[in-house]
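Source file: model_7.cif (mmCIF, C-alpha atoms)
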data_target
loop_
_atom_site.label_atom_id
_atom_site.label_comp_id
_atom_site.auth_asym_id
_atom_site.auth_seq_id
_atom_site.Cartn_x
_atom_site.Cartn_y
_atom_site.Cartn_z
CA MET B 1 21.87 27.90 15.07
CA ARG B 2 22.95 28.04 11.44
CA TYR B 3 22.14 25.27 8.97
CA ILE B 4 25.70 23.99 9.17
CA ASP B 5 25.37 23.63 12.95
CA PHE B 6 22.91 20.77 12.38
CA VAL B 7 25.64 18.66 10.77
CA ASN B 8 27.65 16.38 13.05
CA LEU B 9 29.31 13.57 11.14
CA ASP B 10 30.66 12.14 14.41
CA TYR B 11 27.17 11.66 15.85
CA THR B 12 26.01 8.07 16.43
CA PRO B 13 22.21 7.69 16.27
CA LYS B 14 20.50 6.44 19.41
CA GLU B 15 18.03 3.55 19.41
CA THR B 16 15.37 6.10 20.27
CA ASP B 17 16.06 8.34 17.25
CA VAL B 18 13.92 8.52 14.15
CA VAL B 19 16.39 8.09 11.28
CA CYS B 20 15.51 9.46 7.84
CA THR B 21 17.42 8.96 4.61
CA PHE B 22 17.13 11.78 2.09
CA ARG B 23 18.38 12.31 -1.43
CA ILE B 24 19.27 16.01 -1.68
CA GLU B 25 20.10 18.22 -4.66
CA PRO B 26 21.29 21.63 -3.38
CA ALA B 27 20.53 24.84 -5.25
CA GLY B 28 23.59 27.04 -5.06
CA ILE B 29 24.88 25.88 -1.68
CA SER B 30 27.07 23.01 -0.51
CA MET B 31 25.66 19.55 0.14
CA LYS B 32 26.65 19.88 3.78
CA GLU B 33 24.74 23.12 4.23
CA ALA B 34 21.75 21.78 2.28
CA ALA B 35 21.55 18.68 4.46
CA GLY B 36 21.85 20.87 7.54
CA GLY B 37 19.00 22.97 6.19
CA VAL B 38 16.75 19.91 5.95
CA ALA B 39 17.65 18.90 9.52
CA ALA B 40 17.14 22.42 10.83
CA GLU B 41 13.85 23.20 9.13
CA SER B 42 12.37 19.81 10.09
CA SER B 43 13.35 20.13 13.75
CA VAL B 44 14.23 23.20 15.86
CA GLY B 45 15.99 25.52 13.39
CA THR B 46 15.09 28.07 10.74
CA TRP B 47 16.74 30.29 8.13
CA THR B 48 18.20 32.84 10.57
CA GLU B 49 19.62 32.95 14.08
CA LEU B 50 17.03 33.46 16.81
CA THR B 51 16.95 35.34 20.11
CA THR B 52 14.40 32.91 21.55
CA VAL B 53 16.60 29.82 21.60
CA LYS B 54 17.22 28.35 25.08
CA PRO B 55 20.14 26.06 26.02
CA TYR B 56 17.85 23.07 26.55
CA ILE B 57 16.60 23.21 22.95
CA ASP B 58 19.91 22.02 21.50
CA LYS B 59 19.27 18.43 22.63
CA LEU B 60 16.16 18.38 20.42
CA ALA B 61 18.00 19.34 17.24
CA ALA B 62 18.07 16.86 14.36
CA ARG B 63 21.58 15.81 13.36
CA VAL B 64 22.98 15.04 9.91
CA PHE B 65 25.31 12.19 10.79
CA ASN B 66 26.19 10.77 7.38
CA ILE B 67 26.65 12.23 3.89
CA GLU B 68 27.62 10.13 0.87
CA GLY B 69 27.26 11.92 -2.44
CA ASN B 70 23.72 13.25 -2.55
CA ILE B 71 22.46 10.90 0.18
CA ALA B 72 22.17 12.25 3.72
CA LYS B 73 21.05 10.49 6.88
CA ILE B 74 19.42 12.56 9.60
CA ALA B 75 18.64 11.51 13.18
CA TYR B 76 15.71 13.10 15.00
CA PRO B 77 15.23 12.75 18.78
CA GLN B 78 11.90 10.96 19.30
CA GLU B 79 10.90 13.70 21.76
CA LEU B 80 10.21 15.92 18.74
CA PHE B 81 7.15 13.83 17.90
CA GLU B 82 3.86 13.10 19.60
CA PRO B 83 3.34 9.33 19.93
CA GLY B 84 0.40 8.00 17.96
CA ASN B 85 0.20 11.15 15.80
CA MET B 86 1.29 10.40 12.24
CA PRO B 87 0.21 13.80 10.84
CA ASN B 88 2.56 15.42 13.37
CA ILE B 89 5.46 13.13 12.44
CA LEU B 90 5.06 13.63 8.70
CA SER B 91 4.48 17.38 9.00
CA SER B 92 7.97 17.57 10.48
CA ILE B 93 10.12 15.20 8.46
CA ALA B 94 8.13 15.44 5.22
CA GLY B 95 6.66 18.93 5.45
CA ASN B 96 7.96 22.38 4.50
CA VAL B 97 11.42 21.02 3.70
CA PHE B 98 10.20 19.99 0.24
CA GLY B 99 9.60 23.63 -0.62
CA LEU B 100 12.93 25.11 0.46
CA ARG B 101 14.40 27.47 -2.13
CA ALA B 102 17.87 26.22 -1.19
CA LEU B 103 17.03 22.78 -2.59
CA GLU B 104 16.64 21.85 -6.25
CA ASN B 105 15.13 18.47 -5.32
CA LEU B 106 14.51 16.48 -2.16
CA ARG B 107 13.39 12.87 -1.80
CA LEU B 108 12.58 11.03 1.42
CA ILE B 109 13.92 7.56 0.67
CA ASP B 110 13.44 5.75 3.96
CA ILE B 111 12.48 6.11 7.63
CA ASP B 112 13.48 3.92 10.54
CA PHE B 113 11.18 4.41 13.52
CA PRO B 114 12.14 3.65 17.14
CA SER B 115 10.15 1.03 18.98
CA LYS B 116 8.30 3.51 21.21
CA LEU B 117 6.83 5.37 18.25
CA VAL B 118 5.95 2.17 16.38
CA LYS B 119 4.14 0.78 19.40
CA SER B 120 2.10 3.97 19.79
CA PHE B 121 0.11 2.82 16.75
CA LYS B 122 -2.14 -0.24 16.53
CA GLY B 123 -0.56 -1.85 13.48
CA PRO B 124 -2.37 -4.52 11.42
CA LYS B 125 -5.24 -6.37 13.09
CA PHE B 126 -5.06 -9.39 10.77
CA GLY B 127 -1.88 -9.28 8.70
CA ILE B 128 -0.86 -12.15 6.44
CA GLU B 129 -1.66 -14.99 8.82
CA GLY B 130 -5.04 -13.57 9.79
CA ILE B 131 -6.06 -13.11 6.16
CA ARG B 132 -5.04 -16.67 5.31
CA ARG B 133 -7.04 -18.03 8.26
CA LEU B 134 -10.07 -16.03 7.15
CA LEU B 135 -9.90 -17.30 3.57
CA LYS B 136 -8.63 -20.79 4.48
CA VAL B 137 -6.01 -20.53 1.72
CA TYR B 138 -2.51 -21.32 2.94
CA ASP B 139 -0.41 -22.61 0.06
CA ARG B 140 -0.85 -20.25 -2.88
CA PRO B 141 -1.24 -16.57 -3.77
CA LEU B 142 -4.74 -15.17 -3.35
CA VAL B 143 -6.51 -14.40 -6.62
CA GLY B 144 -8.66 -11.32 -6.86
CA THR B 145 -10.48 -9.24 -9.42
CA ILE B 146 -11.53 -5.62 -9.67
CA ILE B 147 -14.99 -4.91 -11.05
CA LYS B 148 -14.64 -3.45 -14.55
CA PRO B 149 -15.57 -1.09 -15.99
CA LYS B 150 -14.50 0.77 -12.88
CA LEU B 151 -17.47 3.14 -13.05
CA GLY B 152 -20.89 3.03 -14.65
CA LEU B 153 -22.28 -0.42 -13.85
CA LYS B 154 -25.63 -0.46 -12.12
CA THR B 155 -25.79 -2.32 -8.82
CA ALA B 156 -27.37 -5.51 -10.17
CA ASP B 157 -24.77 -5.77 -12.92
CA HIS B 158 -21.97 -5.03 -10.47
CA ALA B 159 -23.12 -7.90 -8.23
CA LYS B 160 -23.43 -10.20 -11.25
CA VAL B 161 -19.85 -9.51 -12.33
CA ALA B 162 -18.67 -10.15 -8.77
CA TYR B 163 -20.56 -13.46 -8.63
CA GLU B 164 -19.04 -14.57 -11.93
CA GLY B 165 -15.55 -13.72 -10.70
CA TRP B 166 -16.05 -15.76 -7.56
CA ILE B 167 -17.51 -18.85 -9.19
CA GLY B 168 -14.73 -18.74 -11.77
CA GLY B 169 -12.18 -19.12 -9.00
CA CYS B 170 -11.41 -15.69 -7.53
CA ASP B 171 -11.03 -15.52 -3.78
CA ILE B 172 -11.56 -11.78 -3.75
CA VAL B 173 -13.67 -9.21 -5.56
CA LYS B 174 -12.80 -5.54 -5.12
CA ASP B 175 -14.37 -2.21 -5.97
CA ASP B 176 -12.21 0.12 -8.01
CA GLU B 177 -10.69 3.11 -6.24
CA ASN B 178 -13.13 5.69 -7.56
CA LEU B 179 -16.37 3.81 -6.94
CA SER B 180 -18.09 5.32 -3.92
CA SER B 181 -21.84 5.89 -3.69
CA GLN B 182 -22.73 7.33 -7.08
CA SER B 183 -26.37 7.45 -8.16
CA PHE B 184 -25.97 4.53 -10.58
CA ASN B 185 -24.55 2.27 -7.85
CA PRO B 186 -25.45 3.46 -4.31
CA PHE B 187 -23.22 2.18 -1.52
CA GLU B 188 -25.78 0.49 0.74
CA GLU B 189 -27.54 -1.26 -2.12
CA ARG B 190 -24.20 -2.39 -3.56
CA VAL B 191 -23.05 -3.86 -0.25
CA ALA B 192 -26.28 -5.80 0.23
CA LYS B 193 -26.54 -7.20 -3.29
CA THR B 194 -22.85 -8.01 -3.71
CA LEU B 195 -22.61 -9.80 -0.37
CA GLU B 196 -25.70 -11.81 -1.31
CA ALA B 197 -23.85 -12.80 -4.49
CA ARG B 198 -20.83 -13.74 -2.36
CA ASP B 199 -22.99 -16.03 -0.23
CA ARG B 200 -24.33 -17.80 -3.33
CA ALA B 201 -20.83 -18.22 -4.71
CA GLU B 202 -19.59 -19.73 -1.46
CA LYS B 203 -22.40 -22.28 -1.43
CA GLU B 204 -21.79 -23.24 -5.05
CA THR B 205 -17.99 -23.47 -4.88
CA GLY B 206 -17.40 -24.60 -1.31
CA GLU B 207 -14.68 -21.95 -1.07
CA LYS B 208 -14.47 -18.87 1.15
CA LYS B 209 -15.05 -15.63 -0.77
CA VAL B 210 -14.59 -11.99 0.27
CA TYR B 211 -15.73 -8.63 -1.04
CA MET B 212 -13.55 -5.54 -0.64
CA VAL B 213 -16.03 -2.69 -0.74
CA ASN B 214 -14.60 0.82 -1.06
CA ILE B 215 -15.68 2.80 2.00
CA THR B 216 -13.49 5.86 1.26
CA ALA B 217 -15.31 9.04 2.27
CA GLU B 218 -15.35 11.81 4.89
CA THR B 219 -14.18 10.16 8.11
CA GLU B 220 -17.49 9.88 9.98
CA GLN B 221 -19.20 8.65 6.83
CA MET B 222 -16.41 6.13 6.35
CA LEU B 223 -16.99 4.75 9.84
CA LYS B 224 -20.72 4.45 9.19
CA ARG B 225 -19.99 2.56 5.99
CA ALA B 226 -17.66 0.19 7.80
CA GLU B 227 -20.41 -0.55 10.34
CA LEU B 228 -22.85 -1.16 7.50
CA VAL B 229 -20.45 -3.70 5.98
CA LEU B 230 -20.29 -5.49 9.33
CA ASP B 231 -24.09 -5.44 9.65
CA HIS B 232 -24.38 -7.19 6.28
CA GLY B 233 -21.83 -9.87 7.17
CA GLY B 234 -18.88 -8.36 5.32
CA GLU B 235 -15.32 -9.03 6.44
CA TYR B 236 -13.27 -6.62 4.34
CA VAL B 237 -13.16 -2.91 3.58
CA MET B 238 -11.05 -0.98 1.12
CA VAL B 239 -9.68 2.51 1.74
CA ASP B 240 -7.90 4.94 -0.59
CA ILE B 241 -5.39 5.75 2.13
CA LEU B 242 -3.69 8.76 0.54
CA ALA B 243 -6.90 10.33 -0.70
CA CYS B 244 -8.60 10.12 2.70
CA GLY B 245 -5.43 10.80 4.69
CA PHE B 246 -3.51 8.98 7.38
CA ALA B 247 -5.53 10.60 10.19
CA ALA B 248 -8.79 9.24 8.76
CA LEU B 249 -7.16 5.85 8.24
CA GLN B 250 -6.01 5.83 11.86
CA THR B 251 -9.48 6.76 13.09
CA LEU B 252 -10.87 3.78 11.18
CA ARG B 253 -8.21 1.41 12.53
CA ASN B 254 -8.69 2.66 16.09
CA GLN B 255 -12.31 1.46 16.06
CA ASP B 256 -10.87 -2.08 16.08
CA PHE B 257 -13.60 -3.32 13.76
CA LYS B 258 -13.43 -6.99 12.87
CA LEU B 259 -12.67 -6.00 9.29
CA VAL B 260 -9.60 -6.58 7.14
CA ILE B 261 -8.34 -3.22 5.83
CA HIS B 262 -7.28 -3.30 2.19
CA ALA B 263 -5.19 -0.21 1.41
CA HIS B 264 -5.36 1.24 -2.09
CA ARG B 265 -2.61 3.72 -2.89
CA ALA B 266 -4.49 5.91 -5.39
CA GLY B 267 -2.50 9.09 -5.95
CA HIS B 268 0.80 7.70 -4.69
CA ALA B 269 2.69 8.51 -7.88
CA ALA B 270 2.30 12.22 -7.14
CA PHE B 271 4.73 11.53 -4.28
CA THR B 272 6.67 8.50 -5.50
CA LYS B 273 7.21 8.60 -9.26
CA ASN B 274 9.90 11.26 -9.59
CA PRO B 275 13.09 9.51 -8.38
CA LYS B 276 14.65 12.87 -7.47
CA HIS B 277 11.82 14.45 -5.50
CA GLY B 278 8.99 13.41 -3.21
CA ILE B 279 8.51 10.40 -0.96
CA SER B 280 9.28 6.77 -1.73
CA MET B 281 6.59 4.08 -1.69
CA LYS B 282 8.73 2.29 0.88
CA VAL B 283 8.07 5.12 3.32
CA ILE B 284 4.34 5.07 2.60
CA ALA B 285 4.32 1.30 3.15
CA LYS B 286 5.98 1.62 6.56
CA VAL B 287 3.60 4.37 7.66
CA ALA B 288 0.53 2.45 6.48
CA ARG B 289 1.73 -0.66 8.29
CA MET B 290 2.24 1.23 11.55
CA ILE B 291 -1.23 2.74 11.37
CA GLY B 292 -2.71 -0.69 10.74
CA VAL B 293 -3.56 -1.75 7.19
CA ASP B 294 -3.60 -5.49 6.50
CA GLN B 295 -2.73 -5.43 2.81
CA LEU B 296 -1.36 -2.80 0.46
CA HIS B 297 -0.72 -2.27 -3.26
CA VAL B 298 3.04 -2.27 -3.91
CA GLY B 299 3.46 -2.34 -7.71
CA THR B 300 3.90 -5.20 -10.15
CA VAL B 301 7.11 -4.80 -12.24
CA VAL B 302 5.51 -6.82 -15.06
CA GLY B 303 2.23 -4.90 -15.31
CA LYS B 304 1.41 -1.34 -16.34
CA MET B 305 2.82 0.40 -13.26
CA PHE B 306 6.20 2.13 -13.29
CA GLU B 307 8.17 0.70 -10.36
CA THR B 308 11.36 -1.27 -10.90
CA LYS B 309 11.93 -4.76 -9.54
CA ASP B 310 14.18 -3.37 -6.79
CA GLU B 311 11.56 -0.83 -5.74
CA VAL B 312 8.81 -3.45 -5.53
CA ARG B 313 11.08 -5.74 -3.51
CA GLU B 314 11.82 -2.89 -1.11
CA ASN B 315 8.09 -2.20 -0.77
CA CYS B 316 7.45 -5.85 0.08
CA GLU B 317 10.30 -5.90 2.58
CA ALA B 318 8.84 -2.84 4.30
CA LEU B 319 5.60 -4.77 4.76
CA LYS B 320 7.13 -8.03 5.97
CA THR B 321 10.39 -7.44 7.85
CA GLU B 322 10.52 -7.23 11.64
CA MET B 323 9.19 -3.88 12.88
CA SER B 324 8.87 -3.78 16.66
CA GLY B 325 6.48 -6.72 16.70
CA LEU B 326 4.02 -5.48 14.05
CA LYS B 327 2.26 -8.18 12.04
CA PRO B 328 3.45 -8.48 8.43
CA VAL B 329 1.20 -6.93 5.77
CA LEU B 330 0.09 -8.78 2.63
CA PRO B 331 1.44 -7.20 -0.59
CA VAL B 332 -0.98 -6.69 -3.47
CA ALA B 333 0.10 -6.72 -7.12
CA SER B 334 -2.35 -4.90 -9.36
CA GLY B 335 -2.29 -3.00 -12.62
CA GLY B 336 -2.27 -4.43 -16.15
CA LEU B 337 -2.02 -8.07 -15.09
CA HIS B 338 -3.25 -11.19 -16.89
CA PRO B 339 -2.68 -14.99 -16.67
CA GLY B 340 0.44 -14.93 -18.82
CA LEU B 341 2.26 -12.84 -16.18
CA VAL B 342 1.62 -15.20 -13.27
CA PRO B 343 4.97 -17.09 -13.40
CA SER B 344 6.93 -13.84 -13.39
CA LEU B 345 4.81 -12.47 -10.56
CA MET B 346 5.25 -15.56 -8.41
CA GLU B 347 8.98 -15.60 -9.06
CA LEU B 348 9.17 -12.07 -7.66
CA PHE B 349 6.58 -12.20 -4.87
CA GLY B 350 6.57 -15.86 -3.82
CA LYS B 351 3.23 -17.12 -2.48
CA ASP B 352 2.34 -14.46 0.09
CA PHE B 353 0.61 -11.85 -2.04
CA VAL B 354 -2.64 -11.02 -3.80
CA ILE B 355 -2.76 -11.13 -7.61
CA GLN B 356 -5.40 -8.49 -8.32
CA VAL B 357 -6.60 -8.60 -11.93
CA GLY B 358 -9.20 -6.45 -13.68
CA GLY B 359 -9.05 -6.30 -17.45
CA GLY B 360 -7.01 -9.51 -17.55
CA ILE B 361 -10.08 -11.35 -16.28
CA HIS B 362 -13.03 -9.39 -17.65
CA GLY B 363 -11.35 -8.97 -21.04
CA HIS B 364 -11.31 -12.74 -21.62
CA SER B 365 -13.29 -13.59 -24.74
CA GLY B 366 -15.18 -16.23 -22.77
CA GLY B 367 -16.32 -13.70 -20.19
CA THR B 368 -15.59 -13.15 -16.52
CA VAL B 369 -16.07 -16.76 -15.40
CA ALA B 370 -13.61 -17.98 -18.02
CA GLY B 371 -11.18 -15.19 -17.19
CA ALA B 372 -11.20 -16.09 -13.50
CA LYS B 373 -10.71 -19.78 -14.35
CA ALA B 374 -7.73 -18.87 -16.50
CA MET B 375 -6.14 -17.00 -13.60
CA ARG B 376 -6.56 -19.90 -11.19
CA GLN B 377 -5.24 -22.29 -13.85
CA ALA B 378 -2.16 -20.10 -14.32
CA VAL B 379 -1.53 -20.16 -10.57
CA ASP B 380 -2.01 -23.93 -10.39
CA ALA B 381 0.33 -24.51 -13.33
CA THR B 382 3.04 -22.33 -11.81
CA LEU B 383 2.77 -24.07 -8.44
CA GLN B 384 3.15 -27.42 -10.20
CA GLY B 385 6.11 -26.19 -12.24
CA VAL B 386 4.26 -26.80 -15.53
CA PRO B 387 4.78 -24.25 -18.35
CA LEU B 388 1.61 -22.27 -19.03
CA LYS B 389 1.43 -23.25 -22.70
CA GLU B 390 1.66 -26.90 -21.79
CA TYR B 391 -0.98 -26.54 -19.08
CA GLY B 392 -3.17 -24.64 -21.51
CA ARG B 393 -3.42 -27.66 -23.81
CA THR B 394 -5.80 -29.27 -21.31
CA HIS B 395 -7.28 -26.06 -19.87
CA LYS B 396 -9.06 -24.13 -22.57
CA GLU B 397 -9.62 -20.94 -20.53
CA LEU B 398 -5.89 -20.52 -19.96
CA GLU B 399 -5.12 -21.39 -23.58
CA THR B 400 -7.48 -18.63 -24.74
CA ALA B 401 -6.01 -16.11 -22.29
CA LEU B 402 -2.50 -16.82 -23.57
CA ARG B 403 -3.70 -16.35 -27.12
CA ILE B 404 -5.21 -12.96 -26.21
CA TRP B 405 -2.43 -11.52 -24.04
CA GLY B 406 0.56 -13.78 -24.56
CA GLN B 407 3.05 -14.76 -21.87
CA GLN B 408 6.06 -12.99 -20.45
CA SER B 409 9.02 -15.35 -20.44
#

Represent the supplied structure as structure tokens.
Amino acid sequence: MRYIDFVNLDYTPKETDVVCTFRIEPAGISMKEAAGGVAAESSVGTWTELTTVKPYIDKLAARVFNIEGNIAKIAYPQELFEPGNMPNILSSIAGNVFGLRALENLRLIDIDFPSKLVKSFKGPKFGIEGIRRLLKVYDRPLVGTIIKPKLGLKTADHAKVAYEGWIGGCDIVKDDENLSSQSFNPFEERVAKTLEARDRAEKETGEKKVYMVNITAETEQMLKRAELVLDHGGEYVMVDILACGFAALQTLRNQDFKLVIHAHRAGHAAFTKNPKHGISMKVIAKVARMIGVDQLHVGTVVGKMFETKDEVRENCEALKTEMSGLKPVLPVASGGLHPGLVPSLMELFGKDFVIQVGGGIHGHSGGTVAGAKAMRQAVDATLQGVPLKEYGRTHKELETALRIWGQQS
């Protein structure tokens, strides 16, 4: 079969097909042939005609069924993929095709999975409702902080910063993505001391508090770390899902631990940032949801990350819209945030998300406690429909934060 033989613009996708949307820039060939090349090389074809092809193979061929400009839609029979095997699925539809000489650029924009494939994965254990039940917070965004500086603090100081964030009003304290078990802050010691600080903060505030400890490591080590968190009374773990890989993430989820999985997307921009080439964050969000994360970073629009408002909305939709019965995943906004951005964030995200703030809390001139108070005050003001500057007149922590970082109108 030639590349062009994989194009059938009269084909109607079946409910059982995996449907991928690609943006394709051909290199010296027609768009039709380039799209056929993607379909061929990601299913049953290759660059030349073969003597080993049997008549029954044709029904397994991917089909380009729609081309509009540089956008092509390709349908893949679900029989091409092993259920419950995400590395197999992605090796096909997002594998060697990115390196084809016949393509200048290729971007996987979206995937729609059939119900059988979706249900071959566990999906989120908790999701939005489960997280809200755990934290007993139902009517506002969750407020979290990341320990800063991200590396270098000794364990005792790490736990102290966490405690100050919690008593200031944070629901959540999170490790940064590159904190593991370095000599200055060993994993087991950090878990024990930080969860002790959590317990003190809960007693003092009367609020539920959680600690997202980064367990990212070699897979077996990651499982041992998750068990250690459970042994110490922890309820959350954080995983750098792209750094450790979807197979390792799935192994963790398949243990069915009673742990919320917070998914950090460290390294995603290597796939997502170039609008002409790579894989969209929307695709990563769908894959992570199928495997079973409970919350995921999706961008901020107003912070330091690059995504547009439309891209962030699409990421959130991928986490929340109906997907063969999977629980919705809680979006996380993180990166360059501070109290002055809260109204804009809540206008975009609504109430069902985590506002994850690092420097915008710990950089407060009054310290971490004051920074956390300022964040909660900004949330409260926005929920009440009171302008931040007005609210700040009777809430000094917020007033100071606005003086330091300003407010986005």

Which residue of B:Thr16, B:Asn96, B:Thr21, B:Gln255 approaches B:Ser43 most closely, using only C-alpha atoms: B:Asn96

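If you look at atom CA of B:Ile361 and atom CA of B:His338, they are 6.9 Å away from each other.
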
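Each of B:His264, B:Arg101, B:His232, B:Lys54 was compared to B:Lys174 using all atoms listed in the file, and B:His264 turns out to be the nearest.
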
Close residues, B:Ile131 itself excluded, 10 Å, only C-alpha atoms, min 6 positions apart in chain, as a PyMOL selection string: chain B and resi 125+137-138+142+236+260+294-295+329-330

Do you have, as a Markdown table, the list of residues of stretch 156-191 of chain B lying at most 8 Å from stretch 367-378 of chain B, each with its nearest atom pair and that distance in Å to one decimal, counting only C-alpha atoms and ordered by chain then number?
| residue | atom | partner | partner_atom | distance |
| --- | --- | --- | --- | --- |
| B:Val161 | CA | B:Thr368 | CA | 7.0 |
| B:Glu164 | CA | B:Val369 | CA | 5.1 |
| B:Gly165 | CA | B:Val369 | CA | 5.6 |
| B:Trp166 | CA | B:Ala372 | CA | 7.7 |
| B:Ile167 | CA | B:Val369 | CA | 6.7 |
| B:Gly168 | CA | B:Val369 | CA | 4.3 |
| B:Gly169 | CA | B:Ala372 | CA | 5.5 |
| B:Cys170 | CA | B:Ala372 | CA | 6.0 |

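Using all atoms listed in the file for every distance, the candidate list B:Leu337, B:Leu345, B:Leu108, B:Ile24 yields B:Leu108 as the residue closest to B:Lys282.
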
Expected selection from the PyMOL selection byres ((chain B and resi 254) around 10), given as number ranges by chain: B: 121-123, 248-253, 255-257, 291-292

Export, as an mmCIF file, in the frame of the given file, the selected residues with C-alpha atoms.
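For reference, out21.cif as written:
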data_model
loop_
_atom_site.group_PDB
_atom_site.id
_atom_site.type_symbol
_atom_site.label_atom_id
_atom_site.label_comp_id
_atom_site.auth_asym_id
_atom_site.auth_seq_id
_atom_site.Cartn_x
_atom_site.Cartn_y
_atom_site.Cartn_z
ATOM 1 C CA PHE B 121 0.110 2.820 16.750
ATOM 2 C CA LYS B 122 -2.140 -0.240 16.530
ATOM 3 C CA GLY B 123 -0.560 -1.850 13.480
ATOM 4 C CA ALA B 248 -8.790 9.240 8.760
ATOM 5 C CA LEU B 249 -7.160 5.850 8.240
ATOM 6 C CA GLN B 250 -6.010 5.830 11.860
ATOM 7 C CA THR B 251 -9.480 6.760 13.090
ATOM 8 C CA LEU B 252 -10.870 3.780 11.180
ATOM 9 C CA ARG B 253 -8.210 1.410 12.530
ATOM 10 C CA GLN B 255 -12.310 1.460 16.060
ATOM 11 C CA ASP B 256 -10.870 -2.080 16.080
ATOM 12 C CA PHE B 257 -13.600 -3.320 13.760
ATOM 13 C CA ILE B 291 -1.230 2.740 11.370
ATOM 14 C CA GLY B 292 -2.710 -0.690 10.740
#

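Across the model, the gap from atom CA of B:Thr300 to atom CA of B:Thr145 is 15.0 Å.
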
Target residues per the PyMOL selection byres ((chain B and resi 348) around 10), formatted as a VMD selection string: chain B and resid 300 to 302 309 312 to 313 342 to 347 349 to 351

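With all atoms listed in the file taken into account, the protein and nucleic acid residues at most 10 Å from B:Leu80 (excluding it and anything under 4 positions from it in its own chain) are Asp17, Val18, Ser42, Ser43, Val44, Leu60, Ala61, Ala62, Tyr76, Asn88, Ile89 and Ser92 of chain B.
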
Shortest interatomic distance to B:Ala102 - which of B:Tyr211, B:Phe184, B:Trp47, B:Tyr391, counting all atoms listed in the file: B:Trp47

Got a minute to add N, CA and C atoms to stretch 222-236 of chain B and dump it as a compact mmCIF listing (two decimals), in the coordinates of the input?
# COMPACT_ATOMS: atom_id res chain seq x y z
N MET B 222 -17.17 7.36 6.56
CA MET B 222 -16.41 6.13 6.35
C MET B 222 -16.66 5.14 7.49
N LEU B 223 -16.71 5.62 8.70
CA LEU B 223 -16.99 4.75 9.84
C LEU B 223 -18.39 4.15 9.76
N LYS B 224 -19.36 4.96 9.35
CA LYS B 224 -20.72 4.45 9.19
C LYS B 224 -20.77 3.36 8.12
N ARG B 225 -20.01 3.56 7.06
CA ARG B 225 -19.99 2.56 5.99
C ARG B 225 -19.33 1.27 6.46
N ALA B 226 -18.29 1.39 7.26
CA ALA B 226 -17.66 0.19 7.80
C ALA B 226 -18.64 -0.59 8.67
N GLU B 227 -19.41 0.11 9.48
CA GLU B 227 -20.41 -0.55 10.34
C GLU B 227 -21.49 -1.21 9.50
N LEU B 228 -21.85 -0.58 8.39
CA LEU B 228 -22.85 -1.16 7.50
C LEU B 228 -22.32 -2.46 6.89
N VAL B 229 -21.06 -2.47 6.51
CA VAL B 229 -20.45 -3.70 5.98
C VAL B 229 -20.53 -4.81 7.02
N LEU B 230 -20.20 -4.50 8.25
CA LEU B 230 -20.29 -5.49 9.33
C LEU B 230 -21.72 -5.99 9.50
N ASP B 231 -22.68 -5.07 9.46
CA ASP B 231 -24.09 -5.44 9.65
C ASP B 231 -24.57 -6.40 8.57
N HIS B 232 -23.98 -6.32 7.38
CA HIS B 232 -24.38 -7.19 6.28
C HIS B 232 -23.51 -8.46 6.18
N GLY B 233 -22.65 -8.66 7.17
CA GLY B 233 -21.83 -9.87 7.17
C GLY B 233 -20.55 -9.76 6.37
N GLY B 234 -20.14 -8.53 6.04
CA GLY B 234 -18.88 -8.36 5.32
C GLY B 234 -17.69 -8.50 6.25
N GLU B 235 -16.54 -8.80 5.66
CA GLU B 235 -15.32 -9.03 6.44
C GLU B 235 -14.14 -8.19 5.98
N TYR B 236 -14.34 -7.42 4.94
CA TYR B 236 -13.27 -6.62 4.34
C TYR B 236 -13.77 -5.23 4.01
